[in-house]
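A.B. asks: target.cif (mmCIF, C-alpha atoms) pasted underneath:
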```
data_start
#
loop_
_atom_site.group_PDB
_atom_site.id
_atom_site.type_symbol
_atom_site.label_atom_id
_atom_site.label_comp_id
_atom_site.auth_asym_id
_atom_site.auth_seq_id
_atom_site.Cartn_x
_atom_site.Cartn_y
_atom_site.Cartn_z
ATOM 1 C CA MET D 5 52.662 17.098 38.080
ATOM 2 C CA ILE D 6 52.616 19.172 34.908
ATOM 3 C CA SER D 7 53.817 18.564 31.385
ATOM 4 C CA VAL D 8 56.144 21.184 29.889
ATOM 5 C CA HIS D 9 57.994 21.571 26.606
ATOM 6 C CA VAL D 10 61.644 22.521 27.011
ATOM 7 C CA GLN D 11 63.790 23.976 24.232
ATOM 8 C CA TYR D 12 67.584 24.077 24.569
ATOM 9 C CA PHE D 13 70.097 26.451 23.026
ATOM 10 C CA ALA D 14 73.882 26.723 22.830
ATOM 11 C CA ILE D 15 75.833 25.100 25.687
ATOM 12 C CA LEU D 16 72.659 23.609 27.219
ATOM 13 C CA ARG D 17 71.649 22.086 23.862
ATOM 14 C CA GLU D 18 75.057 20.448 23.577
ATOM 15 C CA GLN D 19 75.103 19.206 27.183
ATOM 16 C CA ARG D 20 71.574 17.817 26.883
ATOM 17 C CA GLY D 21 72.174 16.379 23.404
ATOM 18 C CA LEU D 22 68.699 17.519 22.362
ATOM 19 C CA THR D 23 66.976 20.595 20.968
ATOM 20 C CA THR D 24 63.531 20.009 22.470
ATOM 21 C CA GLU D 25 61.812 17.601 24.813
ATOM 22 C CA THR D 26 58.473 17.282 26.568
ATOM 23 C CA LEU D 27 58.580 16.101 30.148
ATOM 24 C CA VAL D 28 56.383 15.596 33.182
ATOM 25 C CA THR D 29 57.704 17.336 36.286
ATOM 26 C CA PRO D 30 56.778 18.130 39.884
ATOM 27 C CA ALA D 31 58.547 21.511 39.432
ATOM 28 C CA THR D 32 56.304 24.555 39.735
ATOM 29 C CA THR D 33 58.908 27.237 38.884
ATOM 30 C CA PRO D 34 61.654 27.619 36.254
ATOM 31 C CA ALA D 35 64.237 27.563 39.071
ATOM 32 C CA ALA D 36 63.014 24.183 40.354
ATOM 33 C CA LEU D 37 62.809 22.772 36.824
ATOM 34 C CA TYR D 38 66.359 23.908 36.055
ATOM 35 C CA GLU D 39 67.718 22.258 39.209
ATOM 36 C CA GLU D 40 65.905 19.029 38.301
ATOM 37 C CA LEU D 41 67.349 19.050 34.765
ATOM 38 C CA ARG D 42 70.788 20.109 35.941
ATOM 39 C CA ALA D 43 70.962 17.212 38.385
ATOM 40 C CA ARG D 44 69.779 14.755 35.722
ATOM 41 C CA HIS D 45 71.954 15.920 32.828
ATOM 42 C CA GLY D 46 75.012 17.455 34.509
ATOM 43 C CA PHE D 47 74.606 20.992 33.159
ATOM 44 C CA THR D 48 77.714 22.966 34.140
ATOM 45 C CA LEU D 49 76.022 26.371 34.486
ATOM 46 C CA PRO D 50 74.718 27.096 37.987
ATOM 47 C CA ALA D 51 71.098 28.257 38.240
ATOM 48 C CA ASP D 52 72.090 31.843 39.061
ATOM 49 C CA ARG D 53 73.742 32.250 35.631
ATOM 50 C CA VAL D 54 70.738 31.052 33.636
ATOM 51 C CA ARG D 55 67.638 33.109 32.849
ATOM 52 C CA ALA D 56 64.275 31.647 31.918
ATOM 53 C CA ALA D 57 61.676 32.366 29.279
ATOM 54 C CA VAL D 58 58.167 30.932 29.227
ATOM 55 C CA ASN D 59 56.051 31.017 26.075
ATOM 56 C CA ASP D 60 58.644 33.288 24.381
ATOM 57 C CA ALA D 61 58.840 35.974 27.101
ATOM 58 C CA PHE D 62 61.421 36.472 29.861
ATOM 59 C CA VAL D 63 60.151 35.461 33.322
ATOM 60 C CA THR D 64 61.629 35.464 36.824
ATOM 61 C CA ALA D 65 63.117 32.243 38.198
ATOM 62 C CA GLY D 66 60.223 32.024 40.655
ATOM 63 C CA ALA D 67 57.404 32.437 38.124
ATOM 64 C CA THR D 68 54.632 29.830 38.193
ATOM 65 C CA LEU D 69 54.847 27.099 35.558
ATOM 66 C CA ARG D 70 51.603 25.814 34.090
ATOM 67 C CA ASP D 71 50.708 22.652 32.222
ATOM 68 C CA GLY D 72 51.666 22.961 28.557
ATOM 69 C CA ASP D 73 54.134 25.859 29.016
ATOM 70 C CA ARG D 74 57.083 26.175 26.642
ATOM 71 C CA VAL D 75 60.206 26.792 28.726
ATOM 72 C CA VAL D 76 63.627 27.965 27.550
ATOM 73 C CA PHE D 77 66.660 28.310 29.804
ATOM 74 C CA ILE D 78 68.939 31.089 28.605
ATOM 75 C CA PRO D 79 72.688 30.706 29.199
ATOM 76 C CA PRO D 80 74.788 33.895 29.524
ATOM 77 C CA VAL D 81 74.350 35.736 26.228
ATOM 78 C CA ALA D 82 77.173 36.751 23.889
ATOM 79 C CA GLY D 83 75.731 38.493 20.870
ATOM 80 C CA GLY D 84 77.407 41.139 18.774
ATOM 81 C CA MET G 5 62.663 46.647 12.916
ATOM 82 C CA PHE G 6 65.042 44.160 14.533
ATOM 83 C CA THR G 7 65.558 40.807 12.843
ATOM 84 C CA ILE G 8 67.651 37.648 13.073
ATOM 85 C CA SER G 9 69.128 36.526 9.759
ATOM 86 C CA PRO G 10 70.606 33.185 8.723
ATOM 87 C CA ALA G 11 71.645 34.842 5.430
ATOM 88 C CA PRO G 12 74.681 37.141 5.010
ATOM 89 C CA LEU G 13 73.964 40.812 5.778
ATOM 90 C CA ASP G 14 74.186 43.465 3.067
ATOM 91 C CA PRO G 15 74.961 46.775 4.819
ATOM 92 C CA GLY G 16 74.285 48.869 1.712
ATOM 93 C CA ARG G 17 70.800 47.453 1.301
ATOM 94 C CA LEU G 18 70.095 47.749 5.050
ATOM 95 C CA GLN G 19 71.175 51.390 5.097
ATOM 96 C CA ARG G 20 69.069 52.271 2.046
ATOM 97 C CA GLN G 21 65.988 50.965 3.888
ATOM 98 C CA LEU G 22 66.504 53.766 6.432
ATOM 99 C CA GLY G 23 66.361 56.431 3.712
ATOM 100 C CA ASP G 24 64.155 59.367 4.793
ATOM 101 C CA GLU G 25 64.103 62.990 3.631
ATOM 102 C CA ARG G 26 63.652 64.186 7.228
ATOM 103 C CA ALA G 27 67.007 62.684 8.255
ATOM 104 C CA GLY G 28 70.179 64.757 8.251
ATOM 105 C CA ALA G 29 72.344 62.112 9.917
ATOM 106 C CA CYS G 30 72.794 58.375 9.597
ATOM 107 C CA VAL G 31 75.043 56.392 11.952
ATOM 108 C CA THR G 32 75.607 52.687 11.450
ATOM 109 C CA PHE G 33 77.549 50.107 13.430
ATOM 110 C CA GLU G 34 78.968 46.891 11.998
ATOM 111 C CA GLY G 35 80.220 44.118 14.277
ATOM 112 C CA TRP G 36 82.740 41.924 12.453
ATOM 113 C CA VAL G 37 84.216 38.528 13.265
ATOM 114 C CA ARG G 38 87.812 39.171 14.360
ATOM 115 C CA ASN G 39 90.738 36.783 14.530
ATOM 116 C CA ARG G 40 91.487 37.045 18.246
ATOM 117 C CA ASN G 41 89.640 36.972 21.572
ATOM 118 C CA GLU G 42 91.373 37.417 24.931
ATOM 119 C CA GLY G 43 94.718 36.584 23.371
ATOM 120 C CA GLN G 44 93.581 33.391 21.634
ATOM 121 C CA PRO G 45 93.624 33.116 17.828
ATOM 122 C CA VAL G 46 90.078 32.508 16.574
ATOM 123 C CA LEU G 47 89.399 30.732 13.261
ATOM 124 C CA SER G 48 85.617 31.167 13.023
ATOM 125 C CA LEU G 49 82.488 31.841 15.081
ATOM 126 C CA GLU G 50 79.139 30.126 15.341
ATOM 127 C CA TYR G 51 76.187 32.294 16.357
ATOM 128 C CA GLU G 52 72.978 30.760 17.648
ATOM 129 C CA ALA G 53 69.847 32.716 18.613
ATOM 130 C CA TYR G 54 66.522 32.144 20.299
ATOM 131 C CA ALA G 55 65.182 33.944 17.256
ATOM 132 C CA LEU G 56 61.669 34.752 18.423
ATOM 133 C CA LEU G 57 62.705 36.256 21.752
ATOM 134 C CA ALA G 58 65.800 37.910 20.232
ATOM 135 C CA GLY G 59 63.523 39.641 17.733
ATOM 136 C CA THR G 60 61.099 40.917 20.371
ATOM 137 C CA GLU G 61 63.915 41.972 22.728
ATOM 138 C CA GLY G 62 65.639 43.748 19.830
ATOM 139 C CA GLU G 63 62.393 45.564 19.006
ATOM 140 C CA ARG G 64 62.125 46.577 22.668
ATOM 141 C CA ILE G 65 65.654 48.040 22.554
ATOM 142 C CA LEU G 66 64.809 49.994 19.384
ATOM 143 C CA ALA G 67 61.660 51.342 21.054
ATOM 144 C CA GLU G 68 63.724 52.434 24.082
ATOM 145 C CA ALA G 69 66.160 54.230 21.769
ATOM 146 C CA ARG G 70 63.296 56.003 19.995
ATOM 147 C CA ALA G 71 61.941 57.121 23.380
ATOM 148 C CA LYS G 72 65.322 58.344 24.673
ATOM 149 C CA PHE G 73 66.698 60.048 21.554
ATOM 150 C CA ASP G 74 65.256 62.264 18.858
ATOM 151 C CA LEU G 75 65.346 59.749 15.987
ATOM 152 C CA VAL G 76 63.837 59.449 12.544
ATOM 153 C CA GLY G 77 64.482 55.717 12.133
ATOM 154 C CA ALA G 78 66.244 52.762 13.767
ATOM 155 C CA ALA G 79 66.885 49.177 12.703
ATOM 156 C CA GLY G 80 69.093 46.223 13.551
ATOM 157 C CA VAL G 81 69.927 42.728 12.320
ATOM 158 C CA HIS G 82 71.887 39.945 14.015
ATOM 159 C CA ARG G 83 73.323 37.212 11.861
ATOM 160 C CA VAL G 84 73.233 33.541 12.931
ATOM 161 C CA GLY G 85 75.124 30.533 11.604
ATOM 162 C CA HIS G 86 78.785 29.670 11.107
ATOM 163 C CA LEU G 87 80.665 32.894 10.301
ATOM 164 C CA GLN G 88 84.192 33.323 9.014
ATOM 165 C CA LEU G 89 86.761 36.021 9.863
ATOM 166 C CA GLY G 90 85.644 39.409 8.564
ATOM 167 C CA ASP G 91 81.988 38.431 8.238
ATOM 168 C CA LEU G 92 79.365 40.879 9.449
ATOM 169 C CA ALA G 93 77.758 39.548 12.663
ATOM 170 C CA ILE G 94 75.545 42.470 13.675
ATOM 171 C CA TRP G 95 74.401 45.647 11.964
ATOM 172 C CA VAL G 96 72.711 48.617 13.665
ATOM 173 C CA GLY G 97 71.582 51.749 11.834
ATOM 174 C CA VAL G 98 69.853 54.910 13.046
ATOM 175 C CA THR G 99 68.790 58.143 11.388
ATOM 176 C CA ALA G 100 68.037 61.488 13.009
ATOM 177 C CA GLU G 101 67.751 65.138 12.062
ATOM 178 C CA HIS G 102 71.117 65.773 13.734
ATOM 179 C CA ARG G 103 74.246 63.718 14.361
ATOM 180 C CA GLY G 104 74.282 63.861 18.174
ATOM 181 C CA ALA G 105 71.131 61.826 18.616
ATOM 182 C CA ALA G 106 72.181 59.418 15.869
ATOM 183 C CA PHE G 107 75.591 58.668 17.462
ATOM 184 C CA ASP G 108 74.119 58.302 20.949
ATOM 185 C CA ALA G 109 71.247 56.069 19.855
ATOM 186 C CA CYS G 110 73.471 53.798 17.783
ATOM 187 C CA ARG G 111 75.777 53.319 20.778
ATOM 188 C CA TYR G 112 72.809 52.637 23.057
ATOM 189 C CA ILE G 113 71.326 50.029 20.722
ATOM 190 C CA ILE G 114 74.532 48.044 20.170
ATOM 191 C CA ASP G 115 75.425 48.098 23.887
ATOM 192 C CA GLU G 116 71.963 46.901 24.923
ATOM 193 C CA ALA G 117 71.825 44.319 22.130
ATOM 194 C CA LYS G 118 75.103 42.764 23.256
ATOM 195 C CA ALA G 119 73.935 42.632 26.864
ATOM 196 C CA ARG G 120 70.348 41.482 26.341
ATOM 197 C CA LEU G 121 69.671 39.591 23.111
ATOM 198 C CA PRO G 122 69.380 35.819 23.616
ATOM 199 C CA VAL G 123 72.209 35.141 21.173
ATOM 200 C CA TRP G 124 75.193 32.885 21.820
ATOM 201 C CA LYS G 125 78.636 32.672 20.298
ATOM 202 C CA LYS G 126 80.891 29.646 20.016
ATOM 203 C CA GLU G 127 84.518 30.277 19.119
ATOM 204 C CA HIS G 128 86.482 27.779 17.056
ATOM 205 C CA TYR G 129 90.241 27.755 17.704
ATOM 206 C CA ALA G 130 93.231 26.353 15.840
ATOM 207 C CA GLY G 131 93.542 22.651 16.696
ATOM 208 C CA GLY G 132 89.779 22.097 16.830
ATOM 209 C CA ALA G 133 88.936 23.258 20.376
ATOM 210 C CA THR G 134 85.747 25.311 20.825
ATOM 211 C CA ALA G 135 84.220 27.435 23.586
ATOM 212 C CA TRP G 136 80.827 29.021 24.277
ATOM 213 C CA ILE G 137 81.688 32.595 25.250
ATOM 214 C CA ASN G 138 80.622 33.792 28.737
ATOM 215 C CA CYS G 139 79.645 30.238 29.754
ATOM 216 C CA ALA G 140 82.807 29.297 31.658
ATOM 217 C CA THR G 141 82.316 27.695 35.073
ATOM 218 C CA ARG G 142 84.785 27.056 37.875
ATOM 219 C CA GLY G 143 85.390 23.497 36.712
ATOM 220 C CA ASP G 144 86.954 24.916 33.543
ATOM 221 C CA HIS G 145 90.050 26.158 35.454
ATOM 222 C CA GLY G 146 89.245 29.787 34.911
ATOM 223 C CA GLY G 147 89.441 29.786 31.119
ATOM 224 C CA PRO G 148 86.564 29.982 28.686
ATOM 225 C CA ALA G 149 84.121 27.057 28.711
ATOM 226 C CA ALA G 150 86.468 25.095 26.498
ATOM 227 C CA THR G 151 85.788 21.638 25.171
ATOM 228 C CA LEU G 152 88.512 19.496 23.666
ATOM 229 C CA PRO G 153 88.194 18.385 20.060
ATOM 230 C CA PRO G 154 86.912 14.850 19.552
ATOM 231 C CA ALA G 155 89.715 12.270 19.735
ATOM 232 C CA SER G 156 90.787 11.249 16.243
#
```
Could you write out this file's structure as structure tokens?
C.D. replies:
Amino acid sequence: MISVHVQYFAILREQRGLTTETLVTPATTPAALYEELRARHGFTLPADRVRAAVNDAFVTAGATLRDGDRVVFIPPVAGG
Amino acid sequence: MFTISPAPLDPGRLQRQLGDERAGACVTFEGWVRNRNEGQPVLSLEYEAYALLAGTEGERILAEARAKFDLVGAAGVHRVGHLQLGDLAIWVGVTAEHRGAAFDACRYIIDEAKARLPVWKKEHYAGGATAWINCATRGDHGGPAATLPPAS
């Protein structure tokens, strides 16, 4: 189990009802962590429409999560 | 430099920062909040950004533009917060010796910024409904990811 800090933005922030949280998880990849959180909180976006960033850099869904990582799940963007 | 700004953007000041005697062309793009999206009247827009990553991704896009086109300077700013109709949401400016590179680079930067920056937009409609753009899922009956206003 590792401890990670998760920050939420936009639709995920609203569906979670939180901006940040620290949690202990068996997940070892962003993809596994997203599925865990999605099941727990009812996020409407499927995993394949969400990107991940770890420690303020984009990563692949299968990247390895480490204890203390800061994870952000990025819903489909809509800037401009 | 690419930045995220919670304060209103001043295009005159931003353009003056690009001033350079080597430049013979300056092309700027302004993205404004408009009153309609996909047929629905829009009252206002909320922009939210993952500011740190949006800044570094914006810088990466500017670096790509400098590598692809013969530029003198390039800069961009994305506004965040609750914007009203007509407000300036994004500003991109490039300078070059000649206009061709300036037009092409400006187009490249705004297209990439829209596709890549971790920035999100929530539309507010008449009647109080809102929707996060591009976040619709099948459960939303094919429309935008609309949420009903709170019951009064």
A.B. asks: What's the 9 Å shell around Val28 in chain D, counting only C-alpha atoms, without same-chain residues fewer than 5 positions away, as a PyMOL selection string?
C.D. replies: chain D and resi 5-8
A.B. asks: Any idea which chain G residues end up within 8 Å of chain D if we count all atoms listed in the file, as a PyMOL selection string please?
C.D. replies: chain G and resi 35+51-54+56-57+82+93-94+114+117-125+136-141
A.B. asks: Pull C-alpha atoms from the residues just selected and write them as a short mmCIF file (atom, residue, chain, number, x, y, z; two decimals), in the frame of the given file.
C.D. replies:
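Printed below is selection32.cif as written:
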```
data_model
loop_
_atom_site.label_atom_id
_atom_site.label_comp_id
_atom_site.auth_asym_id
_atom_site.auth_seq_id
_atom_site.Cartn_x
_atom_site.Cartn_y
_atom_site.Cartn_z
CA GLY G 35 80.22 44.12 14.28
CA TYR G 51 76.19 32.29 16.36
CA GLU G 52 72.98 30.76 17.65
CA ALA G 53 69.85 32.72 18.61
CA TYR G 54 66.52 32.14 20.30
CA LEU G 56 61.67 34.75 18.42
CA LEU G 57 62.70 36.26 21.75
CA HIS G 82 71.89 39.94 14.02
CA ALA G 93 77.76 39.55 12.66
CA ILE G 94 75.54 42.47 13.68
CA ILE G 114 74.53 48.04 20.17
CA ALA G 117 71.82 44.32 22.13
CA LYS G 118 75.10 42.76 23.26
CA ALA G 119 73.94 42.63 26.86
CA ARG G 120 70.35 41.48 26.34
CA LEU G 121 69.67 39.59 23.11
CA PRO G 122 69.38 35.82 23.62
CA VAL G 123 72.21 35.14 21.17
CA TRP G 124 75.19 32.88 21.82
CA LYS G 125 78.64 32.67 20.30
CA TRP G 136 80.83 29.02 24.28
CA ILE G 137 81.69 32.60 25.25
CA ASN G 138 80.62 33.79 28.74
CA CYS G 139 79.64 30.24 29.75
CA ALA G 140 82.81 29.30 31.66
CA THR G 141 82.32 27.70 35.07
#
```
A.B. asks: Using all atoms listed in the file, pick whichever of D:Arg20, D:Leu69, D:Thr64, D:Ala56 has the shortest atom-to-atom distance to Ala43 in chain D.
C.D. replies: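 Closest to Ala43 in chain D, using all atoms listed in the file: D:Arg20.
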A.B. asks: Residue by residue, what does the PyMOL selection byres ((chain D and resi 37) around 12) grab here? Present the result as a VMD selection string.
C.D. replies: chain D and resid 5 to 10 27 to 36 38 to 44 51 54 56 65 to 70 75 to 77
A.B. asks: For the atom pair CA of Gly80 in chain G and CA of Arg103 in chain G, what is the interatomic distance in Å to one decimal place?
C.D. replies: 18.3 Å
A.B. asks: Skip range 59-63 of chain G itself and residues of its chain fewer than 4 positions away, then list as number ranges by chain all residues within 7 Å of it, counting only C-alpha atoms.
C.D. replies: G: 5-8, 55, 67, 117, 121
A.B. asks: Measuring between all atoms listed in the file, which one of G:Arg38, G:Val31, G:Ile65, G:His128 shows the shortest distance to Cys110 in chain G?
C.D. replies: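 Going through G:Arg38, G:Val31, G:Ile65, G:His128 one by one, the smallest distance to Cys110 in chain G is for G:Val31.
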A.B. asks: Go through G:Trp95, G:Phe73, G:Leu87, G:Asn39 one by one, measure the shortest atom-to-atom distance of each to Leu18 in chain G using all atoms listed in the file, and give the residue with the smallest value.
C.D. replies: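 The answer is G:Trp95, which sits nearest to Leu18 in chain G.
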A.B. asks: Between CA of Ala78 in chain G and CA of Ala105 in chain G, what is the spacing in Å?
C.D. replies: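 Taking CA of Ala105 in chain G and CA of Ala78 in chain G, their separation equals 11.4 Å.
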A.B. asks: Nearest to Tyr112 in chain G: which of G:Arg70, G:Lys126, G:Arg26, G:Arg17 is it, counting all atoms listed in the file?
C.D. replies: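 Smallest separation from Tyr112 in chain G among the options: G:Arg70.
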A.B. asks: Output, as AutoDock Vina command-line options, the centre and edge lengths in Å (one decimal) of the axis-aligned box that contains all listed atoms of range 48-63 of chain G with 5 Å of margin on each side.
C.D. replies:
```
--center_x 73.4 --center_y 37.8 --center_z 17.9 --size_x 34.5 --size_y 25.4 --size_z 19.7
```
A.B. asks: Rounded to one decimal in Å, what is the spacing between CA of Val76 in chain G and CA of Ala27 in chain G?
C.D. replies: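 According to the coordinates, CA of Val76 in chain G and CA of Ala27 in chain G are separated by 6.2 Å.
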A.B. asks: If you apply the PyMOL selection byres ((chain G and resi 11) around 8) to this file, what residues do you get, as a PyMOL selection string?
C.D. replies: chain G and resi 9-10+12-13+83-84
A.B. asks: Print the selection's residues with C-alpha atoms to a file, as an mmCIF file, in the frame of the given file.
C.D. replies:
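This is the output file part-v5.cif:
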```cif
data_model
loop_
_atom_site.group_PDB
_atom_site.id
_atom_site.type_symbol
_atom_site.label_atom_id
_atom_site.label_comp_id
_atom_site.auth_asym_id
_atom_site.auth_seq_id
_atom_site.Cartn_x
_atom_site.Cartn_y
_atom_site.Cartn_z
ATOM 1 C CA SER G 9 69.128 36.526 9.759
ATOM 2 C CA PRO G 10 70.606 33.185 8.723
ATOM 3 C CA PRO G 12 74.681 37.141 5.010
ATOM 4 C CA LEU G 13 73.964 40.812 5.778
ATOM 5 C CA ARG G 83 73.323 37.212 11.861
ATOM 6 C CA VAL G 84 73.233 33.541 12.931
#
```
A.B. asks: Which residue out of G:Gly16, G:Leu92, G:Ser48, G:Ala79 has the minimum interatomic distance to Trp36 in chain G when only C-alpha atoms are used?
C.D. replies: G:Leu92
A.B. asks: For Glu42 in chain G, which residue out of G:Asp115, G:Asp108, G:Glu127, G:Asp74 is the nearest one, using all atoms listed in the file?
C.D. replies: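 Checking each of G:Asp115, G:Asp108, G:Glu127, G:Asp74 against Glu42 in chain G, counting all atoms listed in the file, the winner is G:Glu127.
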A.B. asks: Apply the PyMOL selection byres ((chain G and resi 44) around 12) to the file shown and report the selected residues as a PDB file with C-alpha atoms, in the frame of the given file.
C.D. replies:
```
ATOM      1  CA  ARG G  38      87.812  39.171  14.360  1.00  0.00           C
ATOM      2  CA  ASN G  39      90.738  36.783  14.530  1.00  0.00           C
ATOM      3  CA  ARG G  40      91.487  37.045  18.246  1.00  0.00           C
ATOM      4  CA  ASN G  41      89.640  36.972  21.572  1.00  0.00           C
ATOM      5  CA  GLU G  42      91.373  37.417  24.931  1.00  0.00           C
ATOM      6  CA  GLY G  43      94.718  36.584  23.371  1.00  0.00           C
ATOM      7  CA  PRO G  45      93.624  33.116  17.828  1.00  0.00           C
ATOM      8  CA  VAL G  46      90.078  32.508  16.574  1.00  0.00           C
ATOM      9  CA  LEU G  47      89.399  30.732  13.261  1.00  0.00           C
ATOM     10  CA  SER G  48      85.617  31.167  13.023  1.00  0.00           C
ATOM     11  CA  GLU G 127      84.518  30.277  19.119  1.00  0.00           C
ATOM     12  CA  HIS G 128      86.482  27.779  17.056  1.00  0.00           C
ATOM     13  CA  TYR G 129      90.241  27.755  17.704  1.00  0.00           C
ATOM     14  CA  ALA G 130      93.231  26.353  15.840  1.00  0.00           C
ATOM     15  CA  GLY G 131      93.542  22.651  16.696  1.00  0.00           C
ATOM     16  CA  ALA G 133      88.936  23.258  20.376  1.00  0.00           C
ATOM     17  CA  THR G 134      85.747  25.311  20.825  1.00  0.00           C
ATOM     18  CA  ALA G 135      84.220  27.435  23.586  1.00  0.00           C
ATOM     19  CA  GLY G 147      89.441  29.786  31.119  1.00  0.00           C
ATOM     20  CA  PRO G 148      86.564  29.982  28.686  1.00  0.00           C
ATOM     21  CA  ALA G 150      86.468  25.095  26.498  1.00  0.00           C
TER      22      ALA G 150
END
```
